[in-house]
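Structure file entry_18.tsv (TSV, C-alpha atoms and all ligand atoms) is printed below.
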```tsv
chain	number	residue	atom	x	y	z
A	1	MET	CA	-33.78	-11.39	-10.86
A	2	ARG	CA	-32.49	-10.08	-7.54
A	3	ILE	CA	-28.77	-9.59	-7.70
A	4	ILE	CA	-26.09	-8.14	-5.42
A	5	LEU	CA	-22.79	-6.78	-6.71
A	6	LEU	CA	-19.85	-7.02	-4.34
A	7	GLY	CA	-16.36	-5.74	-5.03
A	8	LYS	CA	-13.78	-3.20	-4.02
A	9	GLN	CA	-14.28	0.44	-4.84
A	10	GLY	CA	-13.33	0.83	-8.48
A	11	SER	CA	-14.11	-2.79	-9.41
A	12	GLY	CA	-16.78	-1.65	-11.87
A	13	LYS	CA	-19.95	-2.34	-9.85
A	14	GLY	CA	-21.68	0.69	-11.36
A	15	THR	CA	-20.79	-0.27	-14.93
A	16	CYS	CA	-21.84	-3.89	-14.41
A	17	ALA	CA	-25.06	-2.74	-12.71
A	18	GLU	CA	-25.94	-0.61	-15.75
A	19	PHE	CA	-25.28	-3.55	-18.06
A	20	LEU	CA	-27.38	-5.94	-15.96
A	21	CYS	CA	-30.23	-3.44	-15.50
A	22	GLU	CA	-30.45	-2.90	-19.25
A	23	LYS	CA	-30.43	-6.64	-19.88
A	24	LEU	CA	-32.85	-7.67	-17.15
A	25	LYS	CA	-35.02	-4.49	-17.14
A	26	VAL	CA	-34.75	-4.05	-13.39
A	27	PRO	CA	-33.70	-0.95	-11.39
A	28	HIS	CA	-30.16	-0.17	-10.25
A	29	ILE	CA	-30.11	0.53	-6.54
A	30	SER	CA	-26.95	2.22	-5.31
A	31	THR	CA	-26.92	3.31	-1.67
A	32	GLY	CA	-23.80	5.43	-2.39
A	33	GLU	CA	-25.62	7.31	-5.18
A	34	ARG	CA	-28.64	7.85	-2.93
A	35	PHE	CA	-26.38	9.17	-0.17
A	36	ARG	CA	-24.68	11.57	-2.61
A	37	GLU	CA	-28.14	12.88	-3.57
A	38	LEU	CA	-29.12	13.29	0.08
A	39	SER	CA	-25.83	15.01	0.87
A	40	GLN	CA	-26.64	17.72	-1.67
A	41	GLU	CA	-30.00	18.54	-0.11
A	42	GLY	CA	-28.47	20.65	2.66
A	43	SER	CA	-30.59	19.01	5.42
A	44	GLU	CA	-29.07	18.11	8.78
A	45	LEU	CA	-29.06	14.44	7.82
A	46	GLY	CA	-27.62	15.28	4.39
A	47	ASN	CA	-24.75	17.25	5.93
A	48	LYS	CA	-23.99	14.45	8.37
A	49	ILE	CA	-23.90	11.95	5.51
A	50	LYS	CA	-21.69	14.24	3.42
A	51	ASN	CA	-19.09	14.52	6.18
A	52	LEU	CA	-18.97	10.74	6.63
A	53	ILE	CA	-18.73	9.98	2.91
A	54	ASP	CA	-16.13	12.66	2.17
A	55	ALA	CA	-13.86	11.21	4.85
A	56	GLY	CA	-14.21	7.67	3.49
A	57	ASN	CA	-16.30	6.40	6.43
A	58	LEU	CA	-19.43	4.28	6.25
A	59	VAL	CA	-22.87	5.76	6.96
A	60	PRO	CA	-24.46	4.25	10.13
A	61	ASP	CA	-26.47	1.07	9.59
A	62	ASP	CA	-29.80	2.51	10.82
A	63	VAL	CA	-29.71	5.32	8.25
A	64	THR	CA	-28.52	2.99	5.48
A	65	ILE	CA	-31.11	0.34	6.21
A	66	ASN	CA	-33.97	2.89	6.18
A	67	VAL	CA	-32.82	4.23	2.83
A	68	LEU	CA	-32.59	0.72	1.41
A	69	LYS	CA	-35.92	-0.53	2.75
A	70	ASP	CA	-37.66	2.56	1.44
A	71	ARG	CA	-36.21	2.00	-2.05
A	72	LEU	CA	-36.98	-1.73	-2.12
A	73	SER	CA	-40.62	-1.05	-1.20
A	74	LYS	CA	-41.19	0.80	-4.50
A	75	ASP	CA	-43.21	-0.94	-7.22
A	76	ASP	CA	-40.36	-1.11	-9.74
A	77	CYS	CA	-38.45	-3.50	-7.45
A	78	LYS	CA	-41.17	-6.15	-7.64
A	79	LYS	CA	-39.60	-7.76	-10.73
A	80	GLY	CA	-36.10	-7.60	-9.27
A	81	PHE	CA	-33.15	-5.25	-8.77
A	82	ILE	CA	-29.40	-4.87	-8.95
A	83	LEU	CA	-28.00	-3.87	-5.57
A	84	ASP	CA	-24.72	-1.96	-5.70
A	85	GLY	CA	-23.05	-0.96	-2.43
A	86	PHE	CA	-25.41	-2.83	-0.12
A	87	PRO	CA	-24.91	-4.83	2.04
A	88	ARG	CA	-21.57	-3.59	3.38
A	89	ASN	CA	-21.55	-5.80	6.49
A	90	LEU	CA	-23.22	-8.84	8.04
A	91	ASP	CA	-25.81	-6.82	9.99
A	92	GLN	CA	-27.00	-5.25	6.75
A	93	ALA	CA	-27.02	-8.69	5.08
A	94	HIS	CA	-29.25	-10.08	7.85
A	95	VAL	CA	-31.72	-7.22	7.46
A	96	LEU	CA	-31.79	-7.74	3.70
A	97	GLU	CA	-32.52	-11.42	4.20
A	98	GLU	CA	-35.63	-10.50	6.20
A	99	VAL	CA	-36.89	-8.18	3.47
A	100	THR	CA	-36.23	-10.15	0.27
A	101	ASP	CA	-34.93	-13.33	-1.34
A	102	LEU	CA	-31.86	-13.13	-3.55
A	103	ASP	CA	-30.88	-15.01	-6.70
A	104	LEU	CA	-27.20	-14.29	-7.32
A	105	VAL	CA	-24.26	-12.42	-5.80
A	106	PHE	CA	-21.51	-11.38	-8.22
A	107	VAL	CA	-18.10	-10.66	-6.72
A	108	LEU	CA	-15.96	-8.42	-8.94
A	109	ASN	CA	-12.30	-9.09	-8.16
A	110	ILE	CA	-9.50	-6.56	-8.72
A	111	SER	CA	-6.15	-5.91	-7.05
A	112	ASP	CA	-5.57	-2.95	-4.71
A	113	GLU	CA	-3.25	-1.42	-7.31
A	114	THR	CA	-5.98	-1.48	-9.94
A	115	ALA	CA	-8.51	-0.05	-7.46
A	116	VAL	CA	-6.24	2.90	-6.61
A	117	LYS	CA	-5.43	3.54	-10.28
A	118	ARG	CA	-9.10	3.46	-11.32
A	119	LEU	CA	-10.39	5.57	-8.42
A	120	THR	CA	-7.83	8.36	-8.71
A	121	SER	CA	-8.65	8.75	-12.40
A	122	ARG	CA	-12.45	8.50	-11.95
A	123	ARG	CA	-14.56	11.56	-12.68
A	124	GLN	CA	-18.34	11.90	-12.42
A	125	CYS	CA	-20.82	14.29	-14.01
A	126	ARG	CA	-22.64	16.50	-11.51
A	127	GLY	CA	-25.69	16.50	-13.77
A	128	CYS	CA	-26.42	13.06	-15.24
A	129	LEU	CA	-24.03	11.12	-12.91
A	130	LYS	CA	-22.24	9.47	-15.85
A	131	ILE	CA	-18.83	8.10	-14.85
A	132	TYR	CA	-15.63	8.63	-16.85
A	133	ASN	CA	-12.08	7.42	-16.42
A	134	LEU	CA	-9.37	9.87	-17.46
A	135	ILE	CA	-7.19	7.01	-18.77
A	136	THR	CA	-9.53	4.39	-20.22
A	137	ASN	CA	-12.68	6.40	-20.96
A	138	PRO	CA	-11.85	10.13	-21.04
A	139	PRO	CA	-14.46	12.81	-21.84
A	140	LYS	CA	-14.32	14.37	-25.34
A	141	GLU	CA	-13.89	17.82	-23.79
A	142	ASP	CA	-11.73	18.33	-20.68
A	143	GLY	CA	-13.81	18.53	-17.50
A	144	LYS	CA	-17.12	18.27	-19.38
A	145	CYS	CA	-19.66	15.47	-19.72
A	146	SER	CA	-21.32	14.65	-23.08
A	147	CYS	CA	-24.52	16.10	-21.54
A	148	GLY	CA	-22.72	19.43	-20.93
A	149	GLY	CA	-22.50	18.88	-17.14
A	150	GLU	CA	-19.39	19.58	-15.09
A	151	LEU	CA	-17.13	16.63	-14.24
A	152	TYR	CA	-15.75	16.43	-10.71
A	153	GLN	CA	-13.62	14.11	-8.61
A	154	ARG	CA	-15.45	12.60	-5.65
A	155	GLU	CA	-13.86	13.77	-2.41
A	156	ASP	CA	-13.58	10.16	-1.24
A	157	ASP	CA	-11.78	9.20	-4.49
A	158	LYS	CA	-8.78	11.26	-3.42
A	159	GLU	CA	-5.78	9.08	-2.58
A	160	GLU	CA	-5.73	9.83	1.17
A	161	PHE	CA	-9.24	8.32	1.61
A	162	ILE	CA	-8.97	5.42	-0.80
A	163	LYS	CA	-6.71	3.33	1.44
A	164	LYS	CA	-9.13	3.62	4.33
A	165	ARG	CA	-12.11	2.67	2.15
A	166	LEU	CA	-10.27	-0.39	0.82
A	167	GLU	CA	-9.38	-1.46	4.34
A	168	ILE	CA	-12.99	-1.15	5.52
A	169	TYR	CA	-14.14	-3.13	2.47
A	170	LYS	CA	-11.68	-5.96	3.12
A	171	GLN	CA	-12.78	-6.32	6.74
A	172	GLU	CA	-16.39	-6.86	5.65
A	173	GLU	CA	-15.91	-8.75	2.39
A	174	GLU	CA	-14.79	-12.02	3.91
A	175	ASP	CA	-17.93	-12.27	6.08
A	176	LEU	CA	-20.22	-11.43	3.19
A	177	ILE	CA	-18.61	-13.97	0.86
A	178	GLU	CA	-19.04	-16.65	3.51
A	179	PHE	CA	-22.65	-15.58	4.16
A	180	TYR	CA	-23.62	-15.73	0.47
A	181	HIS	CA	-21.35	-18.65	-0.52
A	182	ALA	CA	-24.19	-20.71	-2.04
A	183	ILE	CA	-25.15	-18.07	-4.60
A	184	ILE	CA	-21.78	-16.40	-5.23
A	185	ARG	CA	-20.30	-16.12	-8.73
A	186	THR	CA	-16.79	-14.69	-8.98
A	187	VAL	CA	-15.76	-12.45	-11.87
A	188	ASP	CA	-12.21	-11.40	-12.87
A	189	ALA	CA	-12.87	-7.66	-13.07
A	190	GLU	CA	-9.33	-6.83	-14.21
A	191	LYS	CA	-10.46	-7.86	-17.71
A	192	PRO	CA	-11.91	-5.44	-20.29
A	193	SER	CA	-15.60	-4.68	-19.76
A	194	SER	CA	-16.66	-6.60	-22.91
A	195	GLU	CA	-15.23	-9.81	-21.40
A	196	ILE	CA	-16.72	-9.08	-17.98
A	197	PHE	CA	-20.16	-8.62	-19.55
A	198	LYS	CA	-19.80	-11.99	-21.35
A	199	THR	CA	-18.98	-13.68	-18.05
A	200	LEU	CA	-22.03	-12.09	-16.42
A	201	GLU	CA	-24.22	-13.24	-19.31
A	202	ARG	CA	-22.91	-16.77	-18.97
A	203	PHE	CA	-23.70	-16.82	-15.25
A	204	LEU	CA	-27.19	-15.49	-15.94
A	205	SER	CA	-27.89	-18.11	-18.61
A	206	GLU	CA	-26.63	-20.90	-16.32
A	207	PHE	CA	-28.96	-19.67	-13.59
A	208	LYS	CA	-32.17	-19.73	-15.66
A	301	LIG	P1	-20.12	3.89	-3.04
A	301	LIG	O1	-20.66	4.82	-4.09
A	301	LIG	O2	-20.81	2.56	-3.00
A	301	LIG	O3	-18.62	3.80	-3.07
A	301	LIG	O4	-20.49	4.56	-1.62
A	301	LIG	C1	-20.01	5.84	-1.29
A	301	LIG	C2	-20.11	6.01	0.20
A	301	LIG	O5	-21.47	5.93	0.62
A	301	LIG	C3	-19.39	4.95	1.02
A	301	LIG	O6	-18.00	5.21	1.17
A	301	LIG	C4	-20.13	5.08	2.35
A	301	LIG	O7	-19.74	6.24	3.04
A	301	LIG	C5	-21.57	5.29	1.88
A	301	LIG	N1	-22.29	4.01	1.74
A	301	LIG	C6	-22.77	3.47	0.58
A	301	LIG	N2	-23.38	2.31	0.80
A	301	LIG	C7	-23.28	2.08	2.14
A	301	LIG	C8	-23.69	1.02	3.00
A	301	LIG	N3	-24.34	-0.07	2.52
A	301	LIG	N4	-23.42	1.13	4.33
A	301	LIG	C9	-22.79	2.20	4.83
A	301	LIG	N5	-22.35	3.23	4.07
A	301	LIG	C10	-22.58	3.17	2.74
```
Please express the file's structure as structure tokens.
Amino acid sequence: MRIILLGKQGSGKGTCAEFLCEKLKVPHISTGERFRELSQEGSELGNKIKNLIDAGNLVPDDVTINVLKDRLSKDDCKKGFILDGFPRNLDQAHVLEEVTDLDLVFVLNISDETAVKRLTSRRQCRGCLKIYNLITNPPKEDGKCSCGGELYQREDDKEEFIKKRLEIYKQEEEDLIEFYHAIIRTVDAEKPSSEIFKTLERFLSEFK
């Protein structure tokens, strides 16, 4: 299955992607995660990406599209994939259409208030990349992941950048929803994750 996850920052795309990947045995492709890896490499491109991400801006389409095409060309994507964070605009959606067919697009809906609340309390492990939420899913030990890694707050999850990221998302979302309207399934992502997973399972079983 080839699936795209759309939704505001903090809508749970990463969590849903993990659930779907486990269920469908396909890879999770997150352009944001790939950019965070690149931004730690210290290369000129990595530094440029880091500055853009930390300020809540998008990475230019040419860079993003190269990263995505490279990942989709790997063997493990032949049986499908869960795309999280791509496409972010219509140009990216058009490129994707040239490279692959798609089966479903899940839109995870949450309010702005929920997005801000979830993002400001999000922490990520520097080592294994596991994501915690200080309110709903806190680590056992303060500042530490279960793998022993250090937890940190993403620079772009700080309140001053969140508003900008949400605004950019809203500008693009409408176009993408229109573009994918025939294969869109909408999910109420305010609900607890157990209910969200059930909804995703129902959509998957209806598709088969
Ligand atoms: P995410 O983890 O999806 O929130 O992405 C983190 C950051 O990576 C975004 O704020 C952008 O700066 C960058 N990014 C991720 N995916 C894309 C994309 N498809 N197009 C442009 N920039 C992206």
Which of these, A:Leu5, A:Val187, A:Ile196, A:Ile168, has the shortest distance to Ile82 (chain A) once you count only C-alpha atoms?
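Comparing A:Leu5, A:Val187, A:Ile196, A:Ile168 against Ile82 (chain A), the winner is A:Leu5.
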Please identify all polymer residues within 12 Å of region 134-139 of chain A, counting all atoms listed in the file, omitting same-chain residues fewer than 2 positions from it, and present them as a PyMOL selection string.
chain A and resi 117-125+130-132+141-153+192-193
Using only C-alpha atoms, determine which residues lie at most 10 Å from Leu176 (chain A), disregarding the query and same-chain residues fewer than 6 positions distant; provide the list as a PyMOL selection string.
chain A and resi 6+87-93+105+184
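Across the structure, CA of Gly56 (chain A) and CA of Ala17 (chain A) are spaced 22.1 Å apart.
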When distances are computed from only C-alpha atoms and all ligand atoms, which of A:Thr31, A:Ser205, A:Ser43, A:Ser11 shows the smallest separation from ligand LIG 301 (chain A)?
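Distance minimum relative to ligand LIG 301 (chain A) lands on A:Thr31.
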Could you give me the axis-aligned bounding box of ligand LIG 301 (chain A), with 3 Å of padding per side, as centre plus edge lengths in Å to one decimal, as lines of an AutoDock Vina configuration file?
```
center_x = -21.2
center_y = 3.1
center_z = 0.4
size_x = 12.3
size_y = 12.3
size_z = 14.9
```
I'd like the contact shell of region 59-69 of chain A - 10 Å cut-off, only C-alpha atoms, skipping same-chain residues fewer than 2 positions apart - returned as an NGL selection string.
:A and (29-32 or 34-35 or 45 or 48-53 or 56-57 or 71-74 or 83 or 86-89 or 91-93 or 95-96 or 99-100)
Using only C-alpha atoms and all ligand atoms, the best pick from A:Lys25, A:Lys198, A:Lys8, A:Arg185 as closest to ligand LIG 301 (chain A) would be A:Lys8
Can you measure CA of Lys164 (chain A) to CA of Glu44 (chain A) for me? One decimal in Å is fine.
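Spanning CA of Lys164 (chain A) to CA of Glu44 (chain A) is a straight-line distance of 25.0 Å.
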Best match for closeness to ligand LIG 301 (chain A) among A:Asp75, A:Glu37, A:Asp112, A:Glu22, counting all atoms listed in the file
A:Glu37
To one decimal place in Å, what is the distance between CA of Ala189 (chain A) and atom O1 of ligand LIG 301 (chain A)?
17.2 Å
N, CA and C atoms for region 53-68 of chain A, written as an mmCIF file, in the coordinates of the input, could you do that?
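Written file, result-v7.cif:
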```
data_model
loop_
_atom_site.group_PDB
_atom_site.id
_atom_site.type_symbol
_atom_site.label_atom_id
_atom_site.label_comp_id
_atom_site.auth_asym_id
_atom_site.auth_seq_id
_atom_site.Cartn_x
_atom_site.Cartn_y
_atom_site.Cartn_z
ATOM 1 N N ILE A 53 -19.152 10.477 4.222
ATOM 2 C CA ILE A 53 -18.730 9.980 2.910
ATOM 3 C C ILE A 53 -17.414 10.632 2.486
ATOM 4 N N ASP A 54 -17.337 11.950 2.639
ATOM 5 C CA ASP A 54 -16.130 12.660 2.170
ATOM 6 C C ASP A 54 -14.879 12.166 2.877
ATOM 7 N N ALA A 55 -15.026 11.688 4.115
ATOM 8 C CA ALA A 55 -13.860 11.210 4.850
ATOM 9 C C ALA A 55 -13.616 9.716 4.651
ATOM 10 N N GLY A 56 -14.422 9.088 3.783
ATOM 11 C CA GLY A 56 -14.210 7.670 3.490
ATOM 12 C C GLY A 56 -14.790 6.729 4.535
ATOM 13 N N ASN A 57 -15.667 7.264 5.426
ATOM 14 C CA ASN A 57 -16.300 6.400 6.430
ATOM 15 C C ASN A 57 -17.631 5.861 5.930
ATOM 16 N N LEU A 58 -18.112 4.800 6.592
ATOM 17 C CA LEU A 58 -19.430 4.280 6.250
ATOM 18 C C LEU A 58 -20.515 5.109 6.937
ATOM 19 N N VAL A 59 -21.701 5.128 6.350
ATOM 20 C CA VAL A 59 -22.870 5.760 6.960
ATOM 21 C C VAL A 59 -23.434 4.751 7.980
ATOM 22 N N PRO A 60 -23.977 5.215 9.134
ATOM 23 C CA PRO A 60 -24.460 4.250 10.130
ATOM 24 C C PRO A 60 -25.540 3.311 9.568
ATOM 25 N N ASP A 61 -25.562 2.090 10.109
ATOM 26 C CA ASP A 61 -26.470 1.070 9.590
ATOM 27 C C ASP A 61 -27.938 1.498 9.637
ATOM 28 N N ASP A 62 -28.369 2.181 10.731
ATOM 29 C CA ASP A 62 -29.800 2.510 10.820
ATOM 30 C C ASP A 62 -30.226 3.419 9.673
ATOM 31 N N VAL A 63 -29.391 4.400 9.350
ATOM 32 C CA VAL A 63 -29.710 5.320 8.250
ATOM 33 C C VAL A 63 -29.711 4.543 6.923
ATOM 34 N N THR A 64 -28.675 3.739 6.728
ATOM 35 C CA THR A 64 -28.520 2.990 5.480
ATOM 36 C C THR A 64 -29.687 2.028 5.262
ATOM 37 N N ILE A 65 -30.061 1.351 6.331
ATOM 38 C CA ILE A 65 -31.110 0.340 6.210
ATOM 39 C C ILE A 65 -32.465 1.001 5.892
ATOM 40 N N ASN A 66 -32.726 2.166 6.500
ATOM 41 C CA ASN A 66 -33.970 2.890 6.180
ATOM 42 C C ASN A 66 -34.025 3.286 4.719
ATOM 43 N N VAL A 67 -32.888 3.814 4.228
ATOM 44 C CA VAL A 67 -32.820 4.230 2.830
ATOM 45 C C VAL A 67 -33.079 3.025 1.917
ATOM 46 N N LEU A 68 -32.477 1.914 2.241
ATOM 47 C CA LEU A 68 -32.590 0.720 1.410
ATOM 48 C C LEU A 68 -34.009 0.146 1.433
#
```
